[in-house]
Structures are given as structure tokens and as C-alpha cells.
Amino acid sequence: MNNDFPKMKLKLGQITGRETFSFKESFELPEYESGSLKCDSIVNAVVTSMGSRYLLEADVKCDIHGKCGRCLEDCVSDLNIYIEIIFQRGENVNIAHPDQGESDLVLLSSEEGYCYDIFPRVKESVMLSIPMTILCGEDCKGLCPVCGVNLNVEECGCKTEEIDQRWAPLKRLMKDKNK
């Protein structure tokens, strides 16, 4: 894990009953295909102790700052994500049926004080929830394909002929035949 990322550490060994935690962190996702994205996240988590197990339920609200995929203007897109993790305390844990919903079971070691950093899970969930194209709004008109003006700001007057791209080769043949 990169040390530049924030920590969202939980000391699960100290929890008895039910406790709530909140984290507010900002981080960047440099590996996003359209460039770097800045993420402002708020994580509200509830941890419930159930003997040697702990249940983490977290709501993640994240504002993604990036460029609109249509008009290339800076914009903010919001995400709401739910994360659930089960932690098991102990060194030699015998899981009877791992295929019965136990695949997200995280084993905790006493050497680490039963601590767990939930940030990698938060980051992964955010990355998986980011849409392929971030938009400033569903009604974004984008850029004019002829002159490049932002159609949300002004009309350009360029004449654009919409054609079904499947018929474009036939149209070129017709133009060549008429010459």
C-alpha cells in the first residue's frame, strides 16, 4: 500500500457492543483513464462486536472531482456506497464453510492489536463505483464536433449532419459515383 494514502484505522479489540466511527479524507486516484481524480470522502461506520467477530457496516459518501466526459469542464460527481465486512479475531481460526457467505471474512491478528485499516476497502469500493464517464449533468450537450465550442454555454451555428455510422461507407460510395 502506498504511504501517501490516508489511514482509516479501527482498533477492533477495544470494541464491546456497538460503536460508531467517522472519517473524513481526501485522496487522489491517479490511475483513472481520463486523468487524475480527486476524491473527498466521508465514511460513517458502525462496528458491532459479536464475541470473536465484528461486523462493520459503513456508508461512504464521496465527491469525485474530474472533467466532464462530454464538455471537458471541471465537475463534481457524487457517489454513495455501502460496505460490509466481517472480522474474525484469533490466530488459528477454523472456518467450517467458507463458501457460505464467508468469503469477505477478514482474519485479525493479536500481534497487530486487532487493528484494521479500512481505507484500502473504501478506495477499492470508490474505484469500482466510479462511472465510465463522469458528467457535469445528464443534460450536458458536450462540444460541437465541428468547431469545438461548449454547447452548454453558446450555440455555434455549425451545420452537423447526423448519419448512422453503419451507412457512412455507402454514402462515401454515392459521393464518389456522382463525381
# chains A, B, ... in the order shown; residues from 1 in each chain; ligands from 1
>>> select_by_dssp(residues="region 4-157 of chain A", states="strand (DSSP E)", output="count of residues only")
67
>>> residues_around(residues="Val47 (chain A)", least_positions_apart="5", cutoff="12 Å", atoms="only C-alpha atoms", output="PyMOL selection string")
chain A and resi 10-22+53-59+83-87+116+118
>>> write_last_selection(atoms="N, CA and C atoms", output="compact mmCIF listing (two decimals), in the first residue's frame")
# COMPACT_ATOMS: atom_id res chain seq x y z
N LEU A 10 -9.19 1.16 12.57
CA LEU A 10 -10.13 0.78 13.62
C LEU A 10 -9.40 -0.13 14.60
N LYS A 11 -9.52 0.14 15.89
CA LYS A 11 -8.96 -0.73 16.93
C LYS A 11 -10.10 -1.62 17.42
N LEU A 12 -10.30 -2.71 16.71
CA LEU A 12 -11.46 -3.56 16.96
C LEU A 12 -11.38 -4.28 18.30
N GLY A 13 -10.17 -4.56 18.78
CA GLY A 13 -10.01 -5.26 20.06
C GLY A 13 -10.54 -4.48 21.24
N GLN A 14 -10.73 -3.20 21.09
CA GLN A 14 -11.22 -2.35 22.19
C GLN A 14 -12.73 -2.14 22.13
N ILE A 15 -13.39 -2.74 21.15
CA ILE A 15 -14.83 -2.51 20.98
C ILE A 15 -15.62 -3.58 21.70
N THR A 16 -16.56 -3.12 22.52
CA THR A 16 -17.54 -4.02 23.15
C THR A 16 -18.91 -3.46 22.83
N GLY A 17 -19.77 -4.27 22.33
CA GLY A 17 -21.09 -3.79 21.95
C GLY A 17 -21.10 -3.19 20.56
N ARG A 18 -21.55 -1.94 20.48
CA ARG A 18 -21.72 -1.29 19.18
C ARG A 18 -21.13 0.13 19.27
N GLU A 19 -20.25 0.46 18.34
CA GLU A 19 -19.63 1.79 18.32
C GLU A 19 -19.67 2.37 16.92
N THR A 20 -19.71 3.70 16.86
CA THR A 20 -19.71 4.38 15.57
C THR A 20 -18.40 5.14 15.38
N PHE A 21 -17.99 5.25 14.13
CA PHE A 21 -16.76 5.94 13.75
C PHE A 21 -17.06 6.78 12.52
N SER A 22 -16.36 7.90 12.42
CA SER A 22 -16.45 8.74 11.23
C SER A 22 -15.06 9.12 10.78
N ARG A 53 -16.15 -12.11 16.70
CA ARG A 53 -16.35 -11.50 15.39
C ARG A 53 -16.85 -10.07 15.54
N TYR A 54 -16.59 -9.30 14.49
CA TYR A 54 -17.04 -7.91 14.43
C TYR A 54 -17.69 -7.70 13.07
N LEU A 55 -18.78 -6.96 13.07
CA LEU A 55 -19.45 -6.61 11.83
C LEU A 55 -19.27 -5.12 11.61
N LEU A 56 -18.70 -4.76 10.47
CA LEU A 56 -18.54 -3.37 10.08
C LEU A 56 -19.54 -3.06 9.00
N GLU A 57 -20.35 -2.02 9.22
CA GLU A 57 -21.28 -1.53 8.21
C GLU A 57 -20.93 -0.06 8.01
N ALA A 58 -20.58 0.31 6.78
CA ALA A 58 -20.12 1.67 6.51
C ALA A 58 -20.85 2.28 5.33
N ASP A 59 -21.25 3.52 5.50
CA ASP A 59 -21.79 4.32 4.40
C ASP A 59 -20.69 5.28 3.98
N ILE A 83 -20.60 -0.49 2.45
CA ILE A 83 -19.58 -1.53 2.62
C ILE A 83 -19.93 -2.34 3.86
N GLU A 84 -19.77 -3.64 3.76
CA GLU A 84 -19.99 -4.53 4.90
C GLU A 84 -18.83 -5.52 4.96
N ILE A 85 -18.19 -5.60 6.14
CA ILE A 85 -17.06 -6.51 6.33
C ILE A 85 -17.26 -7.24 7.67
N ILE A 86 -16.94 -8.53 7.68
CA ILE A 86 -16.95 -9.31 8.91
C ILE A 86 -15.50 -9.62 9.28
N PHE A 87 -15.14 -9.34 10.53
CA PHE A 87 -13.79 -9.60 11.03
C PHE A 87 -13.85 -10.74 12.02
N TYR A 116 -7.37 -2.69 12.19
CA TYR A 116 -7.59 -2.87 10.76
C TYR A 116 -7.80 -1.50 10.12
N ILE A 118 -9.42 0.36 7.20
CA ILE A 118 -10.48 0.11 6.21
C ILE A 118 -10.27 0.93 4.93
>>> closest_residue(among="A:Arg121, A:His65, A:Lys9, A:Arg70", to="Lys38 (chain A)", atoms="only C-alpha atoms")
A:His65
>>> residues_around(residues="Glu155 (chain A)", least_positions_apart="6", cutoff="12 Å", atoms="only C-alpha atoms", output="list in words")
Lys141, Gly142, Leu143, Cys144, Cys147, Gly148 and Val149 of chain A
>>> write_last_selection(atoms="N, CA and C atoms", output="compact mmCIF listing (two decimals), in the first residue's frame")
# COMPACT_ATOMS: atom_id res chain seq x y z
N LYS A 141 -24.71 19.02 -23.14
CA LYS A 141 -24.76 18.97 -24.61
C LYS A 141 -23.40 18.66 -25.22
N GLY A 142 -22.32 18.80 -24.44
CA GLY A 142 -21.00 18.48 -24.94
C GLY A 142 -20.40 19.56 -25.81
N LEU A 143 -19.46 19.16 -26.66
CA LEU A 143 -18.76 20.08 -27.56
C LEU A 143 -19.26 19.90 -28.98
N CYS A 144 -19.24 20.98 -29.75
CA CYS A 144 -19.59 20.90 -31.18
C CYS A 144 -18.52 20.08 -31.88
N CYS A 147 -16.63 22.83 -34.59
CA CYS A 147 -15.79 23.95 -34.14
C CYS A 147 -15.28 23.80 -32.72
N GLY A 148 -15.85 22.88 -31.93
CA GLY A 148 -15.36 22.62 -30.58
C GLY A 148 -15.90 23.52 -29.49
N VAL A 149 -16.88 24.37 -29.78
CA VAL A 149 -17.45 25.26 -28.77
C VAL A 149 -18.28 24.44 -27.78
>>> atom_distance(atom1="CA of Trp167 (chain A)", atom2="CA of Gly69 (chain A)")
26.2 Å
